[in-house]
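Shown here: data13.cif, mmCIF, C-alpha atoms.
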data_entry
#
loop_
_atom_site.group_PDB
_atom_site.id
_atom_site.type_symbol
_atom_site.label_atom_id
_atom_site.label_comp_id
_atom_site.auth_asym_id
_atom_site.auth_seq_id
_atom_site.Cartn_x
_atom_site.Cartn_y
_atom_site.Cartn_z
ATOM 1 C CA MET A 240 57.234 43.023 27.154
ATOM 2 C CA ASP A 241 58.156 45.845 24.802
ATOM 3 C CA TYR A 242 57.546 43.465 21.879
ATOM 4 C CA LEU A 243 54.070 42.524 23.181
ATOM 5 C CA LYS A 244 53.207 46.170 23.792
ATOM 6 C CA SER A 245 54.303 46.945 20.250
ATOM 7 C CA ILE A 246 52.028 44.215 18.872
ATOM 8 C CA SER A 247 49.121 45.411 21.054
ATOM 9 C CA SER A 248 49.617 48.953 19.826
ATOM 10 C CA LYS A 249 49.600 47.806 16.197
ATOM 11 C CA ILE A 250 46.387 45.815 16.724
ATOM 12 C CA LYS A 251 44.666 48.838 18.255
ATOM 13 C CA GLU A 252 45.751 51.015 15.369
ATOM 14 C CA ASN A 253 44.863 48.367 12.762
ATOM 15 C CA PRO A 254 42.516 45.605 14.035
ATOM 16 C CA GLY A 255 42.903 43.686 10.778
ATOM 17 C CA ALA A 256 46.553 43.100 11.616
ATOM 18 C CA ILE A 257 45.556 40.303 14.010
ATOM 19 C CA PHE A 258 44.679 38.095 11.016
ATOM 20 C CA GLY A 259 48.170 38.563 9.603
ATOM 21 C CA ILE A 260 49.686 37.620 12.940
ATOM 22 C CA LEU A 261 47.526 34.493 13.381
ATOM 23 C CA TYR A 262 47.543 33.398 9.714
ATOM 24 C CA PRO A 263 50.665 31.161 9.943
ATOM 25 C CA TYR A 264 49.218 29.362 12.970
ATOM 26 C CA ILE A 265 45.832 28.861 11.297
ATOM 27 C CA LEU A 266 47.543 27.535 8.164
ATOM 28 C CA VAL A 267 49.580 25.022 10.172
ATOM 29 C CA LEU A 268 46.398 23.869 12.000
ATOM 30 C CA VAL A 269 44.473 23.380 8.723
ATOM 31 C CA ILE A 270 47.355 21.359 7.263
ATOM 32 C CA ILE A 271 47.468 19.113 10.348
ATOM 33 C CA ILE A 272 43.694 18.476 10.216
ATOM 34 C CA GLY A 273 43.907 17.758 6.482
ATOM 35 C CA LEU A 274 46.735 15.261 6.936
ATOM 36 C CA TYR A 275 44.794 13.517 9.706
ATOM 37 C CA TYR A 276 41.685 13.282 7.514
ATOM 38 C CA VAL A 277 43.659 11.823 4.600
ATOM 39 C CA SER A 278 45.307 9.259 6.881
ATOM 40 C CA LYS A 279 41.853 8.119 8.086
ATOM 41 C CA LEU A 280 40.131 8.297 4.704
ATOM 42 C CA ASP A 281 40.001 4.534 4.211
ATOM 43 C CA PHE A 282 38.464 4.046 7.662
ATOM 44 C CA ILE A 283 35.894 6.828 7.130
ATOM 45 C CA THR A 284 34.856 5.376 3.783
ATOM 46 C CA LYS A 285 34.304 1.959 5.322
ATOM 47 C CA GLN A 286 31.939 3.439 7.917
ATOM 48 C CA LYS A 287 29.674 4.733 5.146
ATOM 49 C CA VAL A 288 28.906 1.229 3.857
ATOM 50 C CA PRO A 289 25.300 0.409 4.917
ATOM 51 C CA ALA A 290 24.821 -2.466 7.325
ATOM 52 C CA LEU A 291 23.446 -5.760 6.094
ATOM 53 C CA VAL A 292 23.676 -5.034 2.374
ATOM 54 C CA PRO A 293 22.214 -8.079 0.602
ATOM 55 C CA ASP A 294 24.315 -9.758 -2.059
ATOM 56 C CA THR A 295 21.297 -10.333 -4.259
ATOM 57 C CA THR A 296 17.707 -9.136 -4.469
ATOM 58 C CA VAL A 297 15.098 -11.857 -4.768
ATOM 59 C CA VAL A 298 11.883 -10.719 -6.406
ATOM 60 C CA THR A 299 8.913 -12.971 -5.748
ATOM 61 C CA ASP A 300 5.320 -12.760 -6.884
ATOM 62 C CA LEU A 301 2.120 -13.574 -5.025
ATOM 63 C CA PRO A 302 1.340 -17.294 -4.809
ATOM 64 C CA VAL A 303 -1.815 -18.825 -6.226
ATOM 65 C CA VAL A 304 -4.473 -19.071 -3.505
ATOM 66 C CA LYS A 305 -7.816 -20.755 -4.084
ATOM 67 C CA ALA A 306 -10.963 -19.084 -2.802
ATOM 68 C CA SER A 307 -12.080 -20.525 0.505
ATOM 69 C CA THR A 308 -14.375 -19.898 3.443
ATOM 70 C CA VAL A 309 -13.160 -19.869 7.027
ATOM 71 C CA PRO A 310 -15.876 -21.460 9.175
ATOM 72 C CA PRO A 311 -17.446 -19.412 11.975
ATOM 73 C CA LEU A 312 -15.452 -19.350 15.210
ATOM 74 C CA ASP A 313 -17.072 -19.496 18.637
ATOM 75 C CA ILE A 314 -15.046 -16.794 20.343
ATOM 76 C CA GLN A 315 -15.764 -18.351 23.756
ATOM 77 C CA THR A 316 -13.546 -21.322 22.829
ATOM 78 C CA VAL A 317 -10.444 -19.174 22.304
ATOM 79 C CA MET A 318 -10.722 -16.690 25.165
ATOM 80 C CA GLU A 319 -8.382 -18.787 27.313
ATOM 81 C CA PRO A 320 -5.114 -20.464 26.183
ATOM 82 C CA ASN A 321 -4.898 -24.227 25.896
ATOM 83 C CA GLU A 322 -2.240 -26.665 24.735
ATOM 84 C CA ALA A 323 -3.470 -26.818 21.133
ATOM 85 C CA LEU A 324 -3.626 -23.011 20.805
ATOM 86 C CA LEU A 325 -0.155 -22.535 22.294
ATOM 87 C CA GLU A 326 1.388 -25.172 20.016
ATOM 88 C CA ALA A 327 -0.184 -23.541 16.967
ATOM 89 C CA GLY A 328 0.871 -20.118 18.247
ATOM 90 C CA GLU A 329 4.500 -21.198 18.649
ATOM 91 C CA GLU A 330 4.606 -22.494 15.075
ATOM 92 C CA LEU A 331 3.026 -19.301 13.745
ATOM 93 C CA TYR A 332 5.430 -17.147 15.769
ATOM 94 C CA THR A 333 8.439 -19.033 14.374
ATOM 95 C CA LEU A 334 7.212 -18.619 10.795
ATOM 96 C CA ASN A 335 6.052 -15.005 10.956
ATOM 97 C CA CYS A 336 7.587 -13.154 13.900
ATOM 98 C CA VAL A 337 11.045 -14.437 14.844
ATOM 99 C CA SER A 338 12.872 -12.526 12.110
ATOM 100 C CA CYS A 339 11.883 -9.201 13.706
ATOM 101 C CA HIS A 340 10.956 -9.864 17.339
ATOM 102 C CA GLY A 341 13.524 -12.619 17.926
ATOM 103 C CA GLU A 342 13.145 -16.025 19.542
ATOM 104 C CA ASP A 343 13.158 -14.391 22.974
ATOM 105 C CA GLY A 344 10.546 -11.756 22.060
ATOM 106 C CA LEU A 345 12.913 -8.902 22.926
ATOM 107 C CA GLY A 346 12.761 -7.314 19.467
ATOM 108 C CA SER A 347 16.258 -8.552 18.621
ATOM 109 C CA GLY A 348 15.597 -10.613 15.501
ATOM 110 C CA ALA A 349 17.911 -10.681 12.478
ATOM 111 C CA ALA A 350 15.943 -7.943 10.695
ATOM 112 C CA ALA A 351 15.709 -5.653 13.719
ATOM 113 C CA ALA A 352 19.019 -3.883 12.944
ATOM 114 C CA VAL A 353 17.588 -2.192 9.860
ATOM 115 C CA LEU A 354 14.114 -1.337 11.216
ATOM 116 C CA ASN A 355 13.173 2.121 12.473
ATOM 117 C CA PRO A 356 11.323 2.166 14.792
ATOM 118 C CA PRO A 357 12.651 -1.129 16.143
ATOM 119 C CA PRO A 358 10.349 -4.131 16.602
ATOM 120 C CA ARG A 359 8.299 -4.427 19.782
ATOM 121 C CA ASN A 360 10.078 -5.806 22.854
ATOM 122 C CA PHE A 361 7.246 -7.865 24.330
ATOM 123 C CA SER A 362 8.772 -7.793 27.822
ATOM 124 C CA ASN A 363 8.483 -3.994 27.911
ATOM 125 C CA SER A 364 5.077 -2.936 29.224
ATOM 126 C CA GLU A 365 5.379 0.644 27.906
ATOM 127 C CA GLY A 366 4.244 2.099 24.570
ATOM 128 C CA TRP A 367 1.780 -0.547 23.402
ATOM 129 C CA LYS A 368 -0.501 0.906 20.728
ATOM 130 C CA ASN A 369 -3.356 -1.565 21.271
ATOM 131 C CA THR A 370 -2.597 -2.723 24.836
ATOM 132 C CA ARG A 371 -1.260 -6.115 25.939
ATOM 133 C CA THR A 372 -4.684 -7.721 26.339
ATOM 134 C CA LEU A 373 -5.694 -10.615 24.115
ATOM 135 C CA ALA A 374 -8.078 -8.313 22.231
ATOM 136 C CA GLY A 375 -5.364 -5.653 21.864
ATOM 137 C CA ILE A 376 -2.790 -8.034 20.376
ATOM 138 C CA TYR A 377 -5.456 -9.539 18.090
ATOM 139 C CA THR A 378 -6.221 -6.006 16.840
ATOM 140 C CA SER A 379 -2.524 -5.361 16.107
ATOM 141 C CA LEU A 380 -2.314 -8.630 14.173
ATOM 142 C CA GLN A 381 -5.493 -7.840 12.242
ATOM 143 C CA GLU A 382 -4.708 -4.223 11.336
ATOM 144 C CA GLY A 383 -0.938 -3.906 11.606
ATOM 145 C CA ILE A 384 0.635 -0.753 13.054
ATOM 146 C CA PRO A 385 1.032 2.138 10.564
ATOM 147 C CA GLY A 386 4.412 3.844 10.563
ATOM 148 C CA THR A 387 6.227 0.673 11.609
ATOM 149 C CA ALA A 388 7.321 -2.588 9.990
ATOM 150 C CA MET A 389 4.397 -4.351 11.684
ATOM 151 C CA ILE A 390 2.198 -5.417 8.769
ATOM 152 C CA SER A 391 -1.391 -6.632 8.896
ATOM 153 C CA TYR A 392 -1.744 -10.379 9.331
ATOM 154 C CA ASP A 393 -5.347 -10.366 8.180
ATOM 155 C CA PHE A 394 -4.522 -13.332 5.928
ATOM 156 C CA LEU A 395 -4.362 -15.538 9.027
ATOM 157 C CA THR A 396 -7.589 -17.098 10.224
ATOM 158 C CA ALA A 397 -9.225 -15.729 13.352
ATOM 159 C CA GLU A 398 -8.234 -18.868 15.282
ATOM 160 C CA ASP A 399 -4.607 -18.512 14.144
ATOM 161 C CA LYS A 400 -4.495 -14.885 15.309
ATOM 162 C CA PHE A 401 -5.877 -15.889 18.706
ATOM 163 C CA ALA A 402 -3.328 -18.712 18.929
ATOM 164 C CA LEU A 403 -0.472 -16.333 18.107
ATOM 165 C CA ALA A 404 -1.726 -13.728 20.595
ATOM 166 C CA HIS A 405 -1.991 -16.353 23.364
ATOM 167 C CA TYR A 406 1.545 -17.597 22.662
ATOM 168 C CA ILE A 407 3.001 -14.071 22.828
ATOM 169 C CA ARG A 408 1.152 -13.315 26.073
ATOM 170 C CA THR A 409 2.095 -16.639 27.670
ATOM 171 C CA GLU A 410 5.724 -16.823 26.547
ATOM 172 C CA PHE A 411 6.984 -13.227 26.665
ATOM 173 C CA ILE A 412 4.688 -11.013 28.745
ATOM 174 C CA THR A 413 4.945 -11.030 32.531
ATOM 175 C CA ASN A 414 1.558 -10.801 34.248
ATOM 176 C CA PRO A 415 -0.415 -10.080 31.068
ATOM 177 C CA PRO A 416 -3.555 -8.051 31.753
ATOM 178 C CA ALA A 417 -6.823 -9.950 31.645
ATOM 179 C CA GLY A 418 -9.502 -9.068 29.142
ATOM 180 C CA ASN A 419 -13.189 -8.654 29.751
ATOM 181 C CA PRO A 420 -16.300 -9.958 27.941
ATOM 182 C CA ASP A 421 -17.087 -6.494 26.526
ATOM 183 C CA GLU A 422 -13.714 -6.414 24.723
ATOM 184 C CA PHE A 423 -14.381 -9.775 23.082
ATOM 185 C CA ALA A 424 -17.911 -8.775 22.124
ATOM 186 C CA ALA A 425 -16.566 -5.584 20.487
ATOM 187 C CA LEU A 426 -13.861 -7.590 18.739
ATOM 188 C CA ASP A 427 -16.409 -10.068 17.397
ATOM 189 C CA GLN A 428 -18.675 -7.277 16.173
ATOM 190 C CA LEU A 429 -15.825 -5.346 14.549
ATOM 191 C CA TYR A 430 -14.220 -8.275 12.694
ATOM 192 C CA ASN A 431 -17.260 -10.550 12.288
ATOM 193 C CA ILE A 432 -15.388 -13.458 13.877
ATOM 194 C CA SER A 433 -18.370 -15.623 14.789
ATOM 195 C CA ALA A 434 -19.849 -15.326 11.268
ATOM 196 C CA GLY A 435 -16.872 -16.799 9.395
ATOM 197 C CA THR A 436 -14.761 -15.217 6.674
ATOM 198 C CA ASP A 437 -14.651 -15.521 2.906
ATOM 199 C CA ILE A 438 -11.083 -15.578 1.587
ATOM 200 C CA PRO A 439 -10.938 -14.463 -2.056
ATOM 201 C CA ALA A 440 -8.832 -16.248 -4.631
ATOM 202 C CA GLN A 441 -5.390 -14.826 -5.339
ATOM 203 C CA ILE A 442 -3.200 -15.080 -8.414
ATOM 204 C CA PRO A 443 0.284 -13.723 -9.164
ATOM 205 C CA VAL A 444 0.365 -10.036 -10.104
ATOM 206 C CA ALA A 445 1.987 -10.862 -13.455
ATOM 207 C CA ASN A 446 -0.943 -13.132 -14.332
ATOM 208 C CA ALA A 447 -3.476 -10.508 -13.269
ATOM 209 C CA ILE A 448 -1.779 -7.855 -15.423
ATOM 210 C CA GLN A 449 -1.811 -10.213 -18.392
ATOM 211 C CA ILE A 450 -5.535 -10.863 -17.936
ATOM 212 C CA ILE A 451 -6.277 -7.131 -17.750
ATOM 213 C CA VAL A 452 -4.183 -6.463 -20.856
ATOM 214 C CA GLU A 453 -5.940 -9.229 -22.798
ATOM 215 C CA GLU A 454 -9.376 -7.998 -21.699
ATOM 216 C CA ASN A 455 -8.584 -4.454 -22.811
ATOM 217 C CA ILE A 456 -7.123 -5.600 -26.118
ATOM 218 C CA THR A 457 -10.412 -7.378 -26.825
ATOM 219 C CA ARG A 458 -12.384 -4.249 -25.969
ATOM 220 C CA VAL A 459 -10.173 -1.957 -28.051
ATOM 221 C CA GLU A 460 -10.457 -4.283 -31.027
ATOM 222 C CA LYS A 461 -14.251 -4.342 -30.590
ATOM 223 C CA VAL A 462 -14.391 -0.526 -30.494
ATOM 224 C CA GLN A 463 -12.180 -0.189 -33.573
ATOM 225 C CA ASN A 464 -14.213 -2.745 -35.531
ATOM 226 C CA THR A 465 -17.455 -0.985 -34.576
ATOM 227 C CA LEU A 466 -16.123 2.405 -35.704
ATOM 228 C CA THR A 467 -15.003 0.898 -39.008
ATOM 229 C CA ARG A 468 -18.483 -0.506 -39.624
ATOM 230 C CA ILE A 469 -20.107 2.822 -38.704
ATOM 231 C CA GLU A 470 -17.795 4.828 -40.976
ATOM 232 C CA SER A 471 -18.453 2.494 -43.902
ATOM 233 C CA SER A 472 -22.226 2.656 -43.424
ATOM 234 C CA SER A 473 -24.518 5.188 -45.088
ATOM 235 C CA SER A 474 -27.615 4.067 -43.215
ATOM 236 C CA GLU A 475 -29.874 6.403 -41.281
ATOM 237 C CA GLY A 476 -28.569 4.922 -38.018
ATOM 238 C CA ALA A 477 -24.971 5.789 -38.922
ATOM 239 C CA ASN A 478 -25.993 9.332 -39.857
ATOM 240 C CA LEU A 479 -27.864 9.759 -36.586
ATOM 241 C CA PHE A 480 -24.839 8.479 -34.621
ATOM 242 C CA SER A 481 -22.565 11.041 -36.306
ATOM 243 C CA LYS A 482 -25.109 13.773 -35.561
ATOM 244 C CA VAL A 483 -25.427 13.130 -31.812
ATOM 245 C CA THR A 484 -21.732 12.472 -31.028
ATOM 246 C CA ASP A 485 -18.769 14.786 -30.574
ATOM 247 C CA ASP A 486 -16.309 11.957 -29.906
ATOM 248 C CA GLU A 487 -17.262 8.725 -31.662
ATOM 249 C CA PHE A 488 -14.443 6.687 -30.117
ATOM 250 C CA GLN A 489 -15.424 7.705 -26.568
ATOM 251 C CA ALA A 490 -19.110 7.106 -27.285
ATOM 252 C CA VAL A 491 -18.562 3.590 -28.616
ATOM 253 C CA SER A 492 -16.038 2.798 -25.837
ATOM 254 C CA GLY A 493 -18.608 3.702 -23.172
ATOM 255 C CA LEU A 494 -21.211 1.476 -24.774
ATOM 256 C CA VAL A 495 -18.756 -1.424 -25.095
ATOM 257 C CA ILE A 496 -17.652 -1.159 -21.455
ATOM 258 C CA ALA A 497 -21.204 -0.739 -20.076
ATOM 259 C CA GLY A 498 -22.656 -3.710 -21.941
ATOM 260 C CA TYR A 499 -25.972 -3.706 -20.026
ATOM 261 C CA TRP A 500 -28.169 -1.645 -22.407
ATOM 262 C CA ASN A 501 -30.328 -4.501 -23.646
ATOM 263 C CA ASP A 502 -33.403 -2.434 -24.410
ATOM 264 C CA GLU A 503 -34.129 1.048 -25.712
ATOM 265 C CA ASN A 504 -35.011 2.491 -22.301
ATOM 266 C CA SER A 505 -31.744 1.400 -20.663
ATOM 267 C CA PHE A 506 -29.894 2.667 -23.770
ATOM 268 C CA ARG A 507 -31.498 6.116 -23.445
ATOM 269 C CA GLU A 508 -30.785 6.280 -19.715
ATOM 270 C CA LEU A 509 -27.147 5.255 -20.178
ATOM 271 C CA ILE A 510 -26.155 7.780 -22.843
ATOM 272 C CA THR A 511 -28.089 10.748 -21.384
ATOM 273 C CA ARG A 512 -26.810 10.225 -17.841
ATOM 274 C CA ASN A 513 -23.334 11.696 -18.422
ATOM 275 C CA LEU A 514 -24.025 13.748 -21.502
ATOM 276 C CA ASN A 515 -21.065 15.745 -22.896
ATOM 277 C CA TYR A 516 -18.691 13.507 -20.924
ATOM 278 C CA ASN A 517 -19.455 10.241 -22.692
ATOM 279 C CA GLY A 518 -18.904 11.369 -26.283
ATOM 280 C CA PHE A 519 -22.558 12.175 -26.979
ATOM 281 C CA ASN A 520 -24.033 15.705 -27.221
ATOM 282 C CA GLY A 521 -27.275 17.566 -26.542
ATOM 283 C CA LYS A 522 -28.723 16.858 -29.989
ATOM 284 C CA LEU A 523 -29.977 13.621 -28.475
ATOM 285 C CA PHE A 524 -32.890 15.545 -26.966
ATOM 286 C CA SER A 525 -34.106 16.603 -30.414
ATOM 287 C CA LEU A 526 -34.521 13.008 -31.595
ATOM 288 C CA THR A 527 -37.988 11.648 -32.196
ATOM 289 C CA ASP A 528 -39.060 8.339 -30.703
ATOM 290 C CA ASN A 529 -38.602 6.731 -34.102
ATOM 291 C CA GLU A 530 -35.068 8.136 -34.436
ATOM 292 C CA TRP A 531 -34.220 6.840 -30.938
ATOM 293 C CA PHE A 532 -35.367 3.386 -32.025
ATOM 294 C CA ILE A 533 -33.311 3.577 -35.260
ATOM 295 C CA LEU A 534 -30.178 4.721 -33.348
ATOM 296 C CA PHE A 535 -30.575 2.013 -30.694
ATOM 297 C CA SER A 536 -31.155 -0.743 -33.261
ATOM 298 C CA PHE A 537 -28.209 0.370 -35.388
ATOM 299 C CA LEU A 538 -25.739 0.428 -32.477
ATOM 300 C CA LYS A 539 -27.050 -2.807 -30.983
ATOM 301 C CA ASN A 540 -26.506 -4.589 -34.295
ATOM 302 C CA ASN A 541 -23.000 -3.176 -34.808
ATOM 303 C CA ILE A 542 -21.430 -3.388 -31.380
#
Whole structure, structure tokens version:
Amino acid sequence: MDYLKSISSKIKENPGAIFGILYPYILVLVIIIGLYYVSKLDFITKQKVPALVPDTTVVTDLPVVKASTVPPLDIQTVMEPNEALLEAGEELYTLNCVSCHGEDGLGSGAAAAVLNPPPRNFSNSEGWKNTRTLAGIYTSLQEGIPGTAMISYDFLTAEDKFALAHYIRTEFITNPPAGNPDEFAALDQLYNISAGTDIPAQIPVANAIQIIVEENITRVEKVQNTLTRIESSSSEGANLFSKVTDDEFQAVSGLVIAGYWNDENSFRELITRNLNYNGFNGKLFSLTDNEWFILFSFLKNNI
């Protein structure tokens, strides 16, 4: 007791003394924690390895798709499920949806573990963005759901989207809510279902880039050749061009890209429309009608 009173008296006289008294105990505690951490270091490191790390990354490009037209669809024929629609829907679900939503529709597919938020559990009636009606599921398929892994399936035909929606409602949703004619009419008006759909052609991105590069190379070469001809010319047209331009390269580039100035009037309208931004300057307005004709003829013959 006398020892404890002595310690208490020292602490009152010098509060900082408590650190000196507790220091050995704190040091022992830190050493114990450090030894524990080191002993578990291998385990801790393993837990930091991301789940489902792929061994390889496969980079694919867009496939070639020919332009086509989807024929008009009578929406009345797909308002109710039938055997043909459900068979098509099952095939579409297997190809497009199983990896995320799972074969049972519970959102437990192979990819679900790495998705946040997780895929929709179709058996859960809560939290549906576009409702569980046929029109609501069609809308989700058409537009996708922003902020989730649910992409737009607008590349499917209208009939395919109805087939897929019917399969999901029939197979996974208990007591799916019925739709009403107004919903289908709004859906038809919004997505133009009964009028058919034009599907544009599609080529791989690499091919598209190559085409753009080649087109621009042709244009650049045309601009450079035109400027060379202008610089080597001492004609009145060349002199007028130098007079009314501040940036000859930009001026010729605009004319090359436009390509629709087939007469003097369209030429005048084109180059005065965005004056001072297209390489030409305000001296254009001092030209006489004859000088306009000379300038137009000169550029038309050299571009």
Exercise for the section: Taking the file above as input, evaluate the PyMOL selection byres ((chain A and resi 400-413) around 7) and report the hits as an NGL selection string. Expected result: :A and (317 or 320 or 324-325 or 327-329 or 331-332 or 344 or 361-362 or 373 or 376-377 or 380 or 395-399 or 414-415)
Please produce a file of the residues just selected, as a compact mmCIF listing (two decimals), in the frame of the given file, where the atoms kept are C-alpha atoms.
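After the write, again.txt holds the following:
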# COMPACT_ATOMS: atom_id res chain seq x y z
CA VAL A 317 -10.44 -19.17 22.30
CA PRO A 320 -5.11 -20.46 26.18
CA LEU A 324 -3.63 -23.01 20.80
CA LEU A 325 -0.16 -22.54 22.29
CA ALA A 327 -0.18 -23.54 16.97
CA GLY A 328 0.87 -20.12 18.25
CA GLU A 329 4.50 -21.20 18.65
CA LEU A 331 3.03 -19.30 13.74
CA TYR A 332 5.43 -17.15 15.77
CA GLY A 344 10.55 -11.76 22.06
CA PHE A 361 7.25 -7.86 24.33
CA SER A 362 8.77 -7.79 27.82
CA LEU A 373 -5.69 -10.62 24.12
CA ILE A 376 -2.79 -8.03 20.38
CA TYR A 377 -5.46 -9.54 18.09
CA LEU A 380 -2.31 -8.63 14.17
CA LEU A 395 -4.36 -15.54 9.03
CA THR A 396 -7.59 -17.10 10.22
CA ALA A 397 -9.22 -15.73 13.35
CA GLU A 398 -8.23 -18.87 15.28
CA ASP A 399 -4.61 -18.51 14.14
CA ASN A 414 1.56 -10.80 34.25
CA PRO A 415 -0.42 -10.08 31.07
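Here CA of Thr387 in chain A and CA of Asn355 in chain A stand 7.1 Å from one another.
Proximity to Gly386 in chain A was assessed for A:Gln489, A:Thr465, A:Asn363, A:Pro358 counting all atoms listed in the file; the smallest distance is recorded for A:Pro358.
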Exercise for the section: Could you expand the PyMOL selection byres ((chain A and resi 453-459) around 12) into the explicit residues it covers here, written as a PyMOL selection string? Expected result: chain A and resi 446-452+460-466+488-489+491-498+542
Practice task
Could you state which residues are captured by the PyMOL selection byres ((chain A and resi 340) around 12) in this file, as a PyMOL selection string?
Solution key: chain A and resi 332-339+341-352+354+357-362+388-389+407+411
Counting all atoms listed in the file, which residues of range 377-482 of chain A sit at most 9 Å from some atom of range 507-531 of chain A, and what is each one's closest atom pair with its distance in Å to one decimal, listed by chain and rising residue number, as CSV?
residue,atom,partner,partner_atom,distance
A:Glu475,CA,A:Glu530,CA,8.8
A:Gly476,CA,A:Glu530,CA,8.1
A:Leu479,CA,A:Glu530,CA,7.7
A:Phe480,CA,A:Phe519,CA,8.8
A:Lys482,CA,A:Lys522,CA,7.3
Practice task
Give me the residues within 8 Å of Gly418 in chain A as a ChimeraX atom specification, counting all atoms listed in the file and dropping any in the same chain fewer than 5 places off.
Solution key: /A:372-374,423
Just C-alpha atoms for this one: save the residues we selected as a PDB file, in the coordinates of the input.
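See out.pdb below for the written result:
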ATOM      1  CA  THR A 372      -4.684  -7.721  26.339  1.00  0.00           C
ATOM      2  CA  LEU A 373      -5.694 -10.615  24.115  1.00  0.00           C
ATOM      3  CA  ALA A 374      -8.078  -8.313  22.231  1.00  0.00           C
ATOM      4  CA  PHE A 423     -14.381  -9.775  23.082  1.00  0.00           C
TER       5      PHE A 423
END
Handout entry: Among listed residues A:Ser505, A:Glu422, A:Ser364, A:Phe394, nearest Asp437 in chain A (using all atoms listed in the file)
Key = A:Phe394
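You will find CA of Thr370 in chain A at 8.8 Å from CA of Pro416 in chain A.
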Practice task
State, in Å with one decimal place, the distance from CA of Glu487 in chain A to CA of Phe532 in chain A.
Solution key: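 These two atoms are separated by 18.9 Å.
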Handout entry: Neighbours of point (-18.2, -14.6, 11.2) within 8 Å, using only C-alpha atoms, written as a list in words
Key = Pro310, Pro311, Leu312, Asp427, Tyr430, Asn431, Ile432, Ser433, Ala434, Gly435 and Thr436 of chain A
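Of the listed residues A:Ile390, A:Ala417, A:Ala425, A:Val353, the one whose atoms come nearest to Ile314 in chain A is A:Ala425, with distances taken using all atoms listed in the file.
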